[in-house]
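One file, run-v1.pdb, carrying PDB, C-alpha atoms, pLDDT in the B column:
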```
ATOM      1  CA  MET Q   1      -2.696  -5.708  -4.294  1.00 84.00           C
ATOM      2  CA  PHE Q   2      -6.451  -6.290  -4.018  1.00 89.00           C
ATOM      3  CA  ASP Q   3      -8.350  -3.024  -4.337  1.00 89.00           C
ATOM      4  CA  SER Q   4     -11.907  -3.059  -2.998  1.00 89.00           C
ATOM      5  CA  THR Q   5     -12.896  -0.308  -5.463  1.00 89.00           C
ATOM      6  CA  ARG Q   6     -12.147  -2.384  -8.578  1.00 87.00           C
ATOM      7  CA  SER Q   7     -11.464  -5.939  -9.733  1.00 90.00           C
ATOM      8  CA  PRO Q   8      -9.168  -5.783 -12.782  1.00 92.00           C
ATOM      9  CA  LEU Q   9      -8.590  -9.530 -13.065  1.00 95.00           C
ATOM     10  CA  ARG Q  10     -12.274 -10.399 -12.712  1.00 95.00           C
ATOM     11  CA  ASP Q  11     -13.186  -7.705 -15.230  1.00 94.00           C
ATOM     12  CA  ARG Q  12     -10.707  -9.036 -17.784  1.00 95.00           C
ATOM     13  CA  LEU Q  13     -11.916 -12.602 -17.354  1.00 95.00           C
ATOM     14  CA  ASP Q  14     -15.508 -11.480 -17.776  1.00 94.00           C
ATOM     15  CA  ARG Q  15     -14.561  -9.638 -20.981  1.00 95.00           C
ATOM     16  CA  GLY Q  16     -12.897 -12.752 -22.370  1.00 95.00           C
ATOM     17  CA  ASP Q  17      -9.432 -11.179 -22.529  1.00 96.00           C
ATOM     18  CA  ASP Q  18      -6.296 -13.230 -23.047  1.00 97.00           C
ATOM     19  CA  LEU Q  19      -3.778 -12.951 -20.217  1.00 98.00           C
ATOM     20  CA  ALA Q  20       0.013 -13.174 -20.381  1.00 98.00           C
ATOM     21  CA  VAL Q  21       1.407 -13.441 -16.853  1.00 98.00           C
ATOM     22  CA  ALA Q  22       4.789 -13.179 -15.190  1.00 98.00           C
ATOM     23  CA  TRP Q  23       5.565 -16.169 -12.954  1.00 98.00           C
ATOM     24  CA  LEU Q  24       7.891 -15.627 -10.003  1.00 98.00           C
ATOM     25  CA  ALA Q  25       9.358 -18.312  -7.763  1.00 98.00           C
ATOM     26  CA  MET Q  26      12.762 -17.069  -6.583  1.00 98.00           C
ATOM     27  CA  GLY Q  27      11.397 -15.281  -3.532  1.00 97.00           C
ATOM     28  CA  SER Q  28      12.925 -11.906  -4.409  1.00 97.00           C
ATOM     29  CA  VAL Q  29      10.738  -8.907  -3.639  1.00 98.00           C
ATOM     30  CA  ALA Q  30      12.999  -6.718  -5.792  1.00 97.00           C
ATOM     31  CA  MET Q  31      12.454  -9.045  -8.741  1.00 97.00           C
ATOM     32  CA  VAL Q  32       8.689  -8.883  -8.223  1.00 98.00           C
ATOM     33  CA  GLU Q  33       8.923  -5.096  -8.320  1.00 97.00           C
ATOM     34  CA  ALA Q  34      10.943  -5.267 -11.565  1.00 97.00           C
ATOM     35  CA  ALA Q  35       8.393  -7.620 -13.103  1.00 97.00           C
ATOM     36  CA  ALA Q  36       5.548  -5.304 -12.102  1.00 97.00           C
ATOM     37  CA  ARG Q  37       7.219  -2.403 -13.937  1.00 97.00           C
ATOM     38  CA  ALA Q  38       6.835  -4.408 -17.156  1.00 96.00           C
ATOM     39  CA  ARG Q  39       3.045  -4.299 -16.601  1.00 96.00           C
ATOM     40  CA  PRO Q  40       2.154  -7.950 -17.296  1.00 97.00           C
ATOM     41  CA  ASP Q  41      -1.512  -8.856 -17.348  1.00 97.00           C
ATOM     42  CA  ALA Q  42      -0.981 -10.447 -13.921  1.00 98.00           C
ATOM     43  CA  ILE Q  43       1.806 -11.596 -11.638  1.00 98.00           C
ATOM     44  CA  VAL Q  44       1.859 -15.101 -10.183  1.00 98.00           C
ATOM     45  CA  LEU Q  45       3.775 -15.704  -6.955  1.00 98.00           C
ATOM     46  CA  ASP Q  46       4.619 -19.385  -6.588  1.00 98.00           C
ATOM     47  CA  LEU Q  47       4.406 -20.726  -3.038  1.00 98.00           C
ATOM     48  CA  GLN Q  48       4.286 -24.378  -4.076  1.00 98.00           C
ATOM     49  CA  HIS Q  49       7.745 -24.650  -5.618  1.00 97.00           C
ATOM     50  CA  GLY Q  50       8.971 -21.116  -4.919  1.00 97.00           C
ATOM     51  CA  LEU Q  51      11.009 -19.537  -2.125  1.00 97.00           C
ATOM     52  CA  PHE Q  52       8.531 -16.990  -0.713  1.00 97.00           C
ATOM     53  CA  ASP Q  53       7.837 -17.081   3.024  1.00 96.00           C
ATOM     54  CA  ARG Q  54       4.889 -15.300   4.691  1.00 95.00           C
ATOM     55  CA  ARG Q  55       6.703 -12.001   5.276  1.00 96.00           C
ATOM     56  CA  ASP Q  56       8.142 -11.986   1.738  1.00 96.00           C
ATOM     57  CA  LEU Q  57       4.680 -12.691   0.343  1.00 98.00           C
ATOM     58  CA  GLU Q  58       3.215  -9.677   2.122  1.00 97.00           C
ATOM     59  CA  ALA Q  59       6.084  -7.469   0.944  1.00 97.00           C
ATOM     60  CA  ALA Q  60       5.970  -8.766  -2.631  1.00 98.00           C
ATOM     61  CA  ILE Q  61       2.255  -8.104  -3.028  1.00 98.00           C
ATOM     62  CA  GLY Q  62       2.743  -4.680  -1.460  1.00 96.00           C
ATOM     63  CA  VAL Q  63       5.167  -3.500  -4.177  1.00 97.00           C
ATOM     64  CA  VAL Q  64       2.812  -4.416  -7.037  1.00 97.00           C
ATOM     65  CA  PRO Q  65       0.525  -1.543  -8.102  1.00 94.00           C
ATOM     66  CA  ALA Q  66      -3.199  -2.155  -7.855  1.00 89.00           C
ATOM     67  CA  GLU Q  67      -3.665  -2.150 -11.629  1.00 92.00           C
ATOM     68  CA  VAL Q  68      -1.512  -5.298 -11.924  1.00 96.00           C
ATOM     69  CA  PRO Q  69      -3.423  -8.240 -10.407  1.00 97.00           C
ATOM     70  CA  VAL Q  70      -1.520 -10.698  -8.217  1.00 98.00           C
ATOM     71  CA  LEU Q  71      -2.304 -14.399  -8.142  1.00 98.00           C
ATOM     72  CA  VAL Q  72      -0.723 -16.762  -5.633  1.00 98.00           C
ATOM     73  CA  ARG Q  73      -0.141 -20.414  -6.404  1.00 98.00           C
ATOM     74  CA  VAL Q  74      -0.619 -21.854  -2.950  1.00 98.00           C
ATOM     75  CA  ALA Q  75       1.466 -24.783  -1.742  1.00 98.00           C
ATOM     76  CA  GLU Q  76      -1.652 -26.894  -1.320  1.00 98.00           C
ATOM     77  CA  SER Q  77      -5.390 -26.594  -1.003  1.00 98.00           C
ATOM     78  CA  GLY Q  78      -6.667 -25.787   2.467  1.00 98.00           C
ATOM     79  CA  ALA Q  79      -8.279 -23.067   4.535  1.00 98.00           C
ATOM     80  CA  THR Q  80      -4.964 -21.769   5.878  1.00 98.00           C
ATOM     81  CA  PRO Q  81      -2.857 -21.679   2.659  1.00 98.00           C
ATOM     82  CA  ILE Q  82      -5.657 -20.061   0.666  1.00 98.00           C
ATOM     83  CA  GLY Q  83      -6.617 -17.680   3.472  1.00 98.00           C
ATOM     84  CA  VAL Q  84      -3.001 -16.562   3.959  1.00 98.00           C
ATOM     85  CA  ALA Q  85      -2.615 -15.754   0.249  1.00 98.00           C
ATOM     86  CA  LEU Q  86      -5.820 -13.728   0.119  1.00 98.00           C
ATOM     87  CA  ASP Q  87      -5.162 -11.985   3.445  1.00 97.00           C
ATOM     88  CA  ALA Q  88      -1.831 -10.845   1.990  1.00 97.00           C
ATOM     89  CA  GLY Q  89      -3.725  -8.978  -0.711  1.00 97.00           C
ATOM     90  CA  ALA Q  90      -3.798 -11.404  -3.635  1.00 97.00           C
ATOM     91  CA  GLU Q  91      -6.657 -11.026  -6.088  1.00 97.00           C
ATOM     92  CA  GLY Q  92      -6.850 -14.752  -6.571  1.00 98.00           C
ATOM     93  CA  VAL Q  93      -5.331 -18.154  -5.944  1.00 98.00           C
ATOM     94  CA  ILE Q  94      -4.114 -21.003  -8.119  1.00 98.00           C
ATOM     95  CA  VAL Q  95      -4.675 -24.325  -6.368  1.00 98.00           C
ATOM     96  CA  PRO Q  96      -2.430 -27.228  -7.461  1.00 98.00           C
ATOM     97  CA  LEU Q  97      -3.122 -30.926  -7.909  1.00 98.00           C
ATOM     98  CA  VAL Q  98      -6.915 -30.801  -8.080  1.00 98.00           C
ATOM     99  CA  GLU Q  99      -8.281 -34.181  -9.139  1.00 98.00           C
ATOM    100  CA  THR Q 100     -12.009 -34.187  -8.376  1.00 98.00           C
ATOM    101  CA  VAL Q 101     -15.004 -31.882  -8.478  1.00 98.00           C
ATOM    102  CA  GLU Q 102     -15.211 -32.166  -4.682  1.00 98.00           C
ATOM    103  CA  GLN Q 103     -11.649 -30.859  -4.297  1.00 98.00           C
ATOM    104  CA  ALA Q 104     -12.348 -28.021  -6.728  1.00 98.00           C
ATOM    105  CA  GLU Q 105     -15.497 -26.895  -4.926  1.00 98.00           C
ATOM    106  CA  GLU Q 106     -13.764 -27.208  -1.570  1.00 98.00           C
ATOM    107  CA  ALA Q 107     -10.996 -24.864  -2.780  1.00 98.00           C
ATOM    108  CA  ALA Q 108     -13.632 -22.343  -3.856  1.00 98.00           C
ATOM    109  CA  ARG Q 109     -15.260 -22.460  -0.419  1.00 98.00           C
ATOM    110  CA  TYR Q 110     -11.907 -21.830   1.272  1.00 98.00           C
ATOM    111  CA  ALA Q 111     -11.564 -18.659  -0.807  1.00 98.00           C
ATOM    112  CA  ARG Q 112     -14.940 -17.170   0.077  1.00 98.00           C
ATOM    113  CA  PHE Q 113     -16.464 -15.833   3.272  1.00 97.00           C
ATOM    114  CA  PRO Q 114     -19.674 -17.242   4.774  1.00 97.00           C
ATOM    115  CA  PRO Q 115     -22.371 -17.952   3.875  1.00 95.00           C
ATOM    116  CA  GLY Q 116     -20.982 -19.065   0.504  1.00 94.00           C
ATOM    117  CA  GLY Q 117     -17.687 -20.285   1.911  1.00 97.00           C
ATOM    118  CA  VAL Q 118     -15.663 -20.918   5.031  1.00 98.00           C
ATOM    119  CA  ARG Q 119     -12.872 -18.345   4.782  1.00 98.00           C
ATOM    120  CA  SER Q 120     -11.937 -16.796   8.107  1.00 97.00           C
ATOM    121  CA  GLY Q 121     -12.035 -13.007   8.400  1.00 96.00           C
ATOM    122  CA  GLY Q 122      -8.719 -11.372   9.229  1.00 94.00           C
ATOM    123  CA  GLY Q 123      -5.420 -10.239   7.810  1.00 93.00           C
ATOM    124  CA  VAL Q 124      -3.761  -6.853   8.156  1.00 93.00           C
ATOM    125  CA  ARG Q 125      -4.798  -5.635   4.715  1.00 93.00           C
ATOM    126  CA  PRO Q 126      -8.458  -6.741   4.630  1.00 95.00           C
ATOM    127  CA  LEU Q 127      -9.036  -5.344   8.117  1.00 93.00           C
ATOM    128  CA  VAL Q 128      -8.178  -1.799   6.987  1.00 92.00           C
ATOM    129  CA  ASP Q 129     -11.770  -1.611   5.681  1.00 94.00           C
ATOM    130  CA  PHE Q 130     -13.181  -5.060   6.269  1.00 95.00           C
ATOM    131  CA  GLY Q 131     -16.742  -4.279   5.236  1.00 95.00           C
ATOM    132  CA  ALA Q 132     -15.677  -2.954   1.845  1.00 96.00           C
ATOM    133  CA  TYR Q 133     -13.244  -5.830   1.398  1.00 96.00           C
ATOM    134  CA  VAL Q 134     -15.861  -8.509   2.086  1.00 96.00           C
ATOM    135  CA  ALA Q 135     -18.290  -6.972  -0.383  1.00 95.00           C
ATOM    136  CA  ALA Q 136     -15.635  -6.663  -3.093  1.00 96.00           C
ATOM    137  CA  ALA Q 137     -14.106 -10.090  -2.467  1.00 96.00           C
ATOM    138  CA  GLU Q 138     -17.426 -11.832  -3.092  1.00 94.00           C
ATOM    139  CA  ARG Q 139     -17.115 -10.951  -6.758  1.00 94.00           C
ATOM    140  CA  GLY Q 140     -13.468 -10.015  -7.121  1.00 96.00           C
ATOM    141  CA  VAL Q 141     -11.571 -13.006  -5.741  1.00 97.00           C
ATOM    142  CA  VAL Q 142     -10.650 -15.429  -8.522  1.00 98.00           C
ATOM    143  CA  VAL Q 143     -10.205 -19.156  -7.933  1.00 98.00           C
ATOM    144  CA  ILE Q 144      -8.136 -21.147 -10.436  1.00 98.00           C
ATOM    145  CA  VAL Q 145      -7.552 -24.871 -10.082  1.00 98.00           C
ATOM    146  CA  MET Q 146      -4.766 -26.862 -11.676  1.00 98.00           C
ATOM    147  CA  ILE Q 147      -5.205 -30.125 -13.538  1.00 98.00           C
ATOM    148  CA  GLU Q 148      -1.883 -31.950 -13.704  1.00 98.00           C
ATOM    149  CA  THR Q 149      -2.512 -35.632 -12.970  1.00 98.00           C
ATOM    150  CA  LEU Q 150      -4.149 -38.552 -14.765  1.00 98.00           C
ATOM    151  CA  LYS Q 151      -7.071 -38.508 -12.334  1.00 98.00           C
ATOM    152  CA  GLY Q 152      -7.517 -34.794 -12.878  1.00 98.00           C
ATOM    153  CA  LEU Q 153      -7.420 -35.342 -16.627  1.00 98.00           C
ATOM    154  CA  GLU Q 154     -10.088 -38.048 -16.315  1.00 98.00           C
ATOM    155  CA  ASN Q 155     -12.317 -35.695 -14.304  1.00 98.00           C
ATOM    156  CA  ALA Q 156     -11.587 -32.563 -16.333  1.00 98.00           C
ATOM    157  CA  GLY Q 157     -15.201 -32.030 -17.388  1.00 98.00           C
ATOM    158  CA  ALA Q 158     -16.557 -32.160 -13.847  1.00 98.00           C
ATOM    159  CA  ILE Q 159     -13.738 -30.006 -12.481  1.00 98.00           C
ATOM    160  CA  ALA Q 160     -14.266 -27.331 -15.122  1.00 98.00           C
ATOM    161  CA  ALA Q 161     -17.988 -27.223 -14.305  1.00 98.00           C
ATOM    162  CA  ALA Q 162     -17.421 -27.051 -10.536  1.00 98.00           C
ATOM    163  CA  ARG Q 163     -19.237 -24.319  -8.606  1.00 97.00           C
ATOM    164  CA  GLY Q 164     -17.087 -21.338  -7.707  1.00 97.00           C
ATOM    165  CA  ILE Q 165     -14.243 -22.141 -10.094  1.00 97.00           C
ATOM    166  CA  ASP Q 166     -13.223 -19.359 -12.462  1.00 98.00           C
ATOM    167  CA  MET Q 167     -10.510 -21.032 -14.552  1.00 98.00           C
ATOM    168  CA  VAL Q 168      -8.690 -24.311 -15.044  1.00 98.00           C
ATOM    169  CA  PHE Q 169      -4.918 -24.112 -15.453  1.00 98.00           C
ATOM    170  CA  ILE Q 170      -2.907 -26.995 -16.875  1.00 98.00           C
ATOM    171  CA  GLY Q 171       0.312 -27.919 -15.078  1.00 97.00           C
ATOM    172  CA  THR Q 172       2.165 -29.188 -18.131  1.00 97.00           C
ATOM    173  CA  GLY Q 173       5.245 -30.450 -16.296  1.00 96.00           C
ATOM    174  CA  ASP Q 174       3.490 -32.688 -13.786  1.00 97.00           C
ATOM    175  CA  LEU Q 175       1.042 -33.852 -16.431  1.00 97.00           C
ATOM    176  CA  ALA Q 176       3.979 -34.945 -18.602  1.00 96.00           C
ATOM    177  CA  LEU Q 177       5.478 -36.844 -15.653  1.00 96.00           C
ATOM    178  CA  CYS Q 178       2.186 -38.647 -15.075  1.00 96.00           C
ATOM    179  CA  LEU Q 179       1.783 -39.555 -18.748  1.00 95.00           C
ATOM    180  CA  GLY Q 180       5.266 -41.067 -18.844  1.00 94.00           C
ATOM    181  CA  ASP Q 181       7.800 -41.132 -21.655  1.00 91.00           C
ATOM    182  CA  GLY Q 182       8.011 -43.150 -24.848  1.00 86.00           C
ATOM    183  CA  GLU Q 183       7.945 -42.508 -28.558  1.00 84.00           C
ATOM    184  CA  ASP Q 184       4.440 -41.010 -28.515  1.00 92.00           C
ATOM    185  CA  ALA Q 185       4.824 -39.047 -25.265  1.00 92.00           C
ATOM    186  CA  GLU Q 186       4.680 -35.658 -26.959  1.00 93.00           C
ATOM    187  CA  ARG Q 187       1.549 -36.602 -28.896  1.00 95.00           C
ATOM    188  CA  ARG Q 188      -0.226 -37.953 -25.805  1.00 95.00           C
ATOM    189  CA  HIS Q 189       0.672 -34.817 -23.876  1.00 96.00           C
ATOM    190  CA  ALA Q 190      -0.701 -32.555 -26.626  1.00 96.00           C
ATOM    191  CA  GLN Q 191      -3.901 -34.607 -26.816  1.00 97.00           C
ATOM    192  CA  SER Q 192      -4.358 -34.484 -23.043  1.00 98.00           C
ATOM    193  CA  CYS Q 193      -3.941 -30.703 -22.908  1.00 98.00           C
ATOM    194  CA  ALA Q 194      -6.391 -30.325 -25.778  1.00 97.00           C
ATOM    195  CA  ALA Q 195      -8.904 -32.556 -24.003  1.00 98.00           C
ATOM    196  CA  ILE Q 196      -8.758 -30.380 -20.901  1.00 98.00           C
ATOM    197  CA  ARG Q 197      -9.128 -27.208 -22.954  1.00 98.00           C
ATOM    198  CA  GLU Q 198     -12.157 -28.667 -24.745  1.00 98.00           C
ATOM    199  CA  ALA Q 199     -13.724 -29.708 -21.427  1.00 98.00           C
ATOM    200  CA  CYS Q 200     -13.348 -26.126 -20.230  1.00 98.00           C
ATOM    201  CA  ALA Q 201     -14.956 -24.810 -23.411  1.00 98.00           C
ATOM    202  CA  ARG Q 202     -17.966 -27.086 -22.883  1.00 98.00           C
ATOM    203  CA  ALA Q 203     -18.278 -25.827 -19.314  1.00 98.00           C
ATOM    204  CA  GLY Q 204     -17.931 -22.187 -20.396  1.00 97.00           C
ATOM    205  CA  LYS Q 205     -14.735 -21.715 -18.358  1.00 97.00           C
ATOM    206  CA  PRO Q 206     -11.419 -20.294 -19.559  1.00 98.00           C
ATOM    207  CA  CYS Q 207      -8.419 -22.609 -19.678  1.00 98.00           C
ATOM    208  CA  GLY Q 208      -4.819 -21.572 -19.015  1.00 98.00           C
ATOM    209  CA  VAL Q 209      -1.573 -23.443 -19.480  1.00 98.00           C
ATOM    210  CA  PHE Q 210       1.981 -23.147 -18.204  1.00 98.00           C
ATOM    211  CA  THR Q 211       4.419 -22.119 -20.932  1.00 97.00           C
ATOM    212  CA  SER Q 212       8.184 -21.782 -20.634  1.00 93.00           C
ATOM    213  CA  SER Q 213       8.934 -19.375 -23.491  1.00 94.00           C
ATOM    214  CA  VAL Q 214       7.400 -16.489 -25.411  1.00 95.00           C
ATOM    215  CA  GLU Q 215       7.210 -18.687 -28.511  1.00 96.00           C
ATOM    216  CA  ALA Q 216       5.317 -21.411 -26.653  1.00 96.00           C
ATOM    217  CA  ALA Q 217       3.024 -18.800 -25.087  1.00 97.00           C
ATOM    218  CA  GLU Q 218       2.163 -17.383 -28.512  1.00 97.00           C
ATOM    219  CA  THR Q 219       1.449 -20.860 -29.858  1.00 97.00           C
ATOM    220  CA  ARG Q 220      -0.776 -21.806 -26.933  1.00 97.00           C
ATOM    221  CA  ARG Q 221      -2.664 -18.537 -27.092  1.00 97.00           C
ATOM    222  CA  GLY Q 222      -3.347 -19.223 -30.751  1.00 97.00           C
ATOM    223  CA  GLU Q 223      -4.792 -22.596 -29.736  1.00 97.00           C
ATOM    224  CA  GLY Q 224      -7.325 -20.917 -27.466  1.00 97.00           C
ATOM    225  CA  TYR Q 225      -5.681 -20.932 -24.036  1.00 98.00           C
ATOM    226  CA  ARG Q 226      -6.760 -17.815 -22.174  1.00 98.00           C
ATOM    227  CA  MET Q 227      -3.846 -17.531 -19.744  1.00 98.00           C
ATOM    228  CA  VAL Q 228      -0.220 -18.265 -20.612  1.00 98.00           C
ATOM    229  CA  VAL Q 229       3.114 -17.565 -18.930  1.00 98.00           C
ATOM    230  CA  ALA Q 230       5.053 -14.876 -20.781  1.00 97.00           C
ATOM    231  CA  ALA Q 231       8.130 -15.194 -18.576  1.00 96.00           C
ATOM    232  CA  ASN Q 232       9.310 -16.817 -15.361  1.00 97.00           C
ATOM    233  CA  ASP Q 233      12.102 -15.502 -13.193  1.00 97.00           C
ATOM    234  CA  VAL Q 234      14.081 -18.749 -12.910  1.00 96.00           C
ATOM    235  CA  ASP Q 235      14.457 -19.102 -16.687  1.00 95.00           C
ATOM    236  CA  ILE Q 236      15.142 -15.411 -17.269  1.00 95.00           C
ATOM    237  CA  VAL Q 237      17.948 -15.287 -14.726  1.00 96.00           C
ATOM    238  CA  ALA Q 238      19.483 -18.616 -15.757  1.00 95.00           C
ATOM    239  CA  ARG Q 239      19.334 -17.728 -19.459  1.00 93.00           C
ATOM    240  CA  GLY Q 240      20.802 -14.272 -18.883  1.00 94.00           C
ATOM    241  CA  PHE Q 241      23.810 -15.617 -16.991  1.00 95.00           C
ATOM    242  CA  ARG Q 242      24.305 -18.426 -19.489  1.00 95.00           C
ATOM    243  CA  GLU Q 243      24.167 -16.226 -22.567  1.00 94.00           C
ATOM    244  CA  ALA Q 244      26.499 -13.613 -21.115  1.00 94.00           C
ATOM    245  CA  THR Q 245      29.012 -16.234 -20.000  1.00 95.00           C
ATOM    246  CA  GLU Q 246      28.910 -18.074 -23.318  1.00 93.00           C
ATOM    247  CA  ALA Q 247      29.352 -14.841 -25.268  1.00 92.00           C
ATOM    248  CA  LEU Q 248      32.560 -13.997 -23.405  1.00 92.00           C
ATOM    249  CA  SER Q 249      33.861 -17.565 -23.410  1.00 87.00           C
ATOM    250  CA  ARG Q 250      34.004 -17.981 -27.181  1.00 76.00           C
ATOM    251  CA  PRO Q 251      37.535 -18.031 -28.573  1.00 73.00           C
ATOM    252  CA  LYS Q 252      38.343 -14.889 -30.521  1.00 67.00           C
ATOM    253  CA  ARG Q 253      40.381 -14.856 -33.688  1.00 62.00           C
ATOM    254  CA  ARG Q 254      43.669 -13.046 -33.427  1.00 58.00           C
ATOM    255  CA  ARG Q 255      43.959  -9.866 -35.381  1.00 59.00           C
ATOM    256  CA  ALA Q 256      46.068 -10.134 -38.498  1.00 57.00           C
ATOM    257  CA  ARG Q 257      49.360  -8.264 -38.243  1.00 56.00           C
TER     258      ARG Q 257
END
```
Using structure tokens, write down the structure that the file contains.
Amino acid sequence: MFDSTRSPLRDRLDRGDDLAVAWLAMGSVAMVEAAARARPDAIVLDLQHGLFDRRDLEAAIGVVPAEVPVLVRVAESGATPIGVALDAGAEGVIVPLVETVEQAEEAARYARFPPGGVRSGGGVRPLVDFGAYVAAAERGVVVIVMIETLKGLENAGAIAAARGIDMVFIGTGDLALCLGDGEDAERRHAQSCAAIREACARAGKPCGVFTSSVEAAETRRGEGYRMVVAANDVDIVARGFREATEALSRPKRRRAR
């Protein structure tokens, strides 16, 4: 939960650290608590494709210790979705489907209070010490925008250089859908991700990418991506059930008599 006395995520970004995050979509507060015990570099709560409602979001952020930053992928850009996530105590937001510099800068304004932005003051947690929160949020709140469409890819340079944006994160799944299939689909996807990463480097902004396994996360980190997904709850649960079931479903050889 956002702590007005420190900004661990902002500090790590400023130091140039690599981040391996836990991505949670199943809407389980207990699972968020379990993930937090593993001490990932950050926890991402997915409100775009995940099952969290407003009350669950508040509870989930509340069980994460202050030293583990929480990011919320909002369902869409807008003053209300971004304000709700930050009012709940998130240290930053990930905004999906950003395609232009105007959309990127608009998202940044939604995340910041006047005069630099248009965020409304409120929320149970910020109001505990609103003055301290406002001062800390000016620096501490992190805004990450996702590039995951052909138009976003085309405008990657401008988006990365947008005012108020702290990181660009590549939505690999949607980008693959937009690029289409075919014999060279994998190559075109790799080239597109690399182009976005290079645009971020020119703009002096870190670039993150969604990864679906530890092996993929290690590979991407070696390529220069600053934020990768170490684990996501949907895959962990599905894989655990599958592996346990398969292990006990294999035919066993009879013992020789």
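We find atom CA of Q:Glu106 and atom CA of Q:Val118 to be spaced 9.3 Å apart.
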Tell me, in Å to one decimal, how far atom CA of Q:Val32 is from atom CA of Q:Val63. 7.6 Å
Pick out the residues sitting within 12 Å of Q:Glu148, and hand them over as a tab-separated table (two decimals) with C-alpha atoms, in the frame of the given file; count only C-alpha atoms, and ignore anything fewer than 3 positions along from it in its own chain.
```tsv
chain	number	residue	atom	x	y	z
Q	95	VAL	CA	-4.68	-24.32	-6.37
Q	96	PRO	CA	-2.43	-27.23	-7.46
Q	97	LEU	CA	-3.12	-30.93	-7.91
Q	98	VAL	CA	-6.92	-30.80	-8.08
Q	99	GLU	CA	-8.28	-34.18	-9.14
Q	100	THR	CA	-12.01	-34.19	-8.38
Q	145	VAL	CA	-7.55	-24.87	-10.08
Q	151	LYS	CA	-7.07	-38.51	-12.33
Q	152	GLY	CA	-7.52	-34.79	-12.88
Q	153	LEU	CA	-7.42	-35.34	-16.63
Q	154	GLU	CA	-10.09	-38.05	-16.32
Q	155	ASN	CA	-12.32	-35.70	-14.30
Q	156	ALA	CA	-11.59	-32.56	-16.33
Q	168	VAL	CA	-8.69	-24.31	-15.04
Q	169	PHE	CA	-4.92	-24.11	-15.45
Q	170	ILE	CA	-2.91	-27.00	-16.88
Q	171	GLY	CA	0.31	-27.92	-15.08
Q	172	THR	CA	2.16	-29.19	-18.13
Q	173	GLY	CA	5.24	-30.45	-16.30
Q	174	ASP	CA	3.49	-32.69	-13.79
Q	175	LEU	CA	1.04	-33.85	-16.43
Q	176	ALA	CA	3.98	-34.94	-18.60
Q	177	LEU	CA	5.48	-36.84	-15.65
Q	178	CYS	CA	2.19	-38.65	-15.08
Q	179	LEU	CA	1.78	-39.56	-18.75
Q	189	HIS	CA	0.67	-34.82	-23.88
Q	192	SER	CA	-4.36	-34.48	-23.04
Q	193	CYS	CA	-3.94	-30.70	-22.91
Q	196	ILE	CA	-8.76	-30.38	-20.90
Q	209	VAL	CA	-1.57	-23.44	-19.48
Q	210	PHE	CA	1.98	-23.15	-18.20
```
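Computed from the coordinates, the atom CA of Q:Arg139 to atom CA of Q:Arg10 distance equals 7.7 Å.
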Taking the file as shown, find all residues satisfying the PyMOL selection byres ((chain Q and resi 88) around 7) and write them as a ChimeraX atom specification. /Q:57-58,84-87,89-90,123,125
Which residues, named as in the file, does the PyMOL selection byres ((chain Q and resi 18) around 10) pick out? Answer as an MDAnalysis selection string. chainID Q and resid 12:13 15:17 19:21 41 206 208 221 224:228
Just the residues within 7 Å of Q:Val141, please, counting only C-alpha atoms, with nothing from its chain fewer than 2 positions along; format it as a list in words. Glu91, Gly92, Ala137, Glu138, Arg139 and Val143 of chain Q
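Residues lying within 7 Å of stretch 23-31 of chain Q, counting all atoms listed in the file and ignoring same-chain neighbours fewer than 3 positions away, are Ala34, Ala35, Ile43, Val44, Leu45, Asp46, His49, Gly50, Leu51, Phe52, Asp56, Ala59, Ala60, Val229, Ala231, Asn232, Asp233 and Val234 of chain Q.
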Might you pull out every residue within 7 Å of Q:Ile94, with all atoms listed in the file counted and same-chain residues fewer than 3 positions away left off, and present them as a VMD selection string? chain Q and resid 71 to 74 143 to 146
Residue IDs satisfying the PyMOL selection byres ((chain Q and resi 6-9) around 8), as a VMD selection string: chain Q and resid 2 to 5 10 to 13 42 67 to 69 91 136 140 142
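Closest to Q:Glu102 among Q:Cys200, Q:Cys207, Q:Ala160, Q:Ala238 is Q:Ala160, based on only C-alpha atoms.
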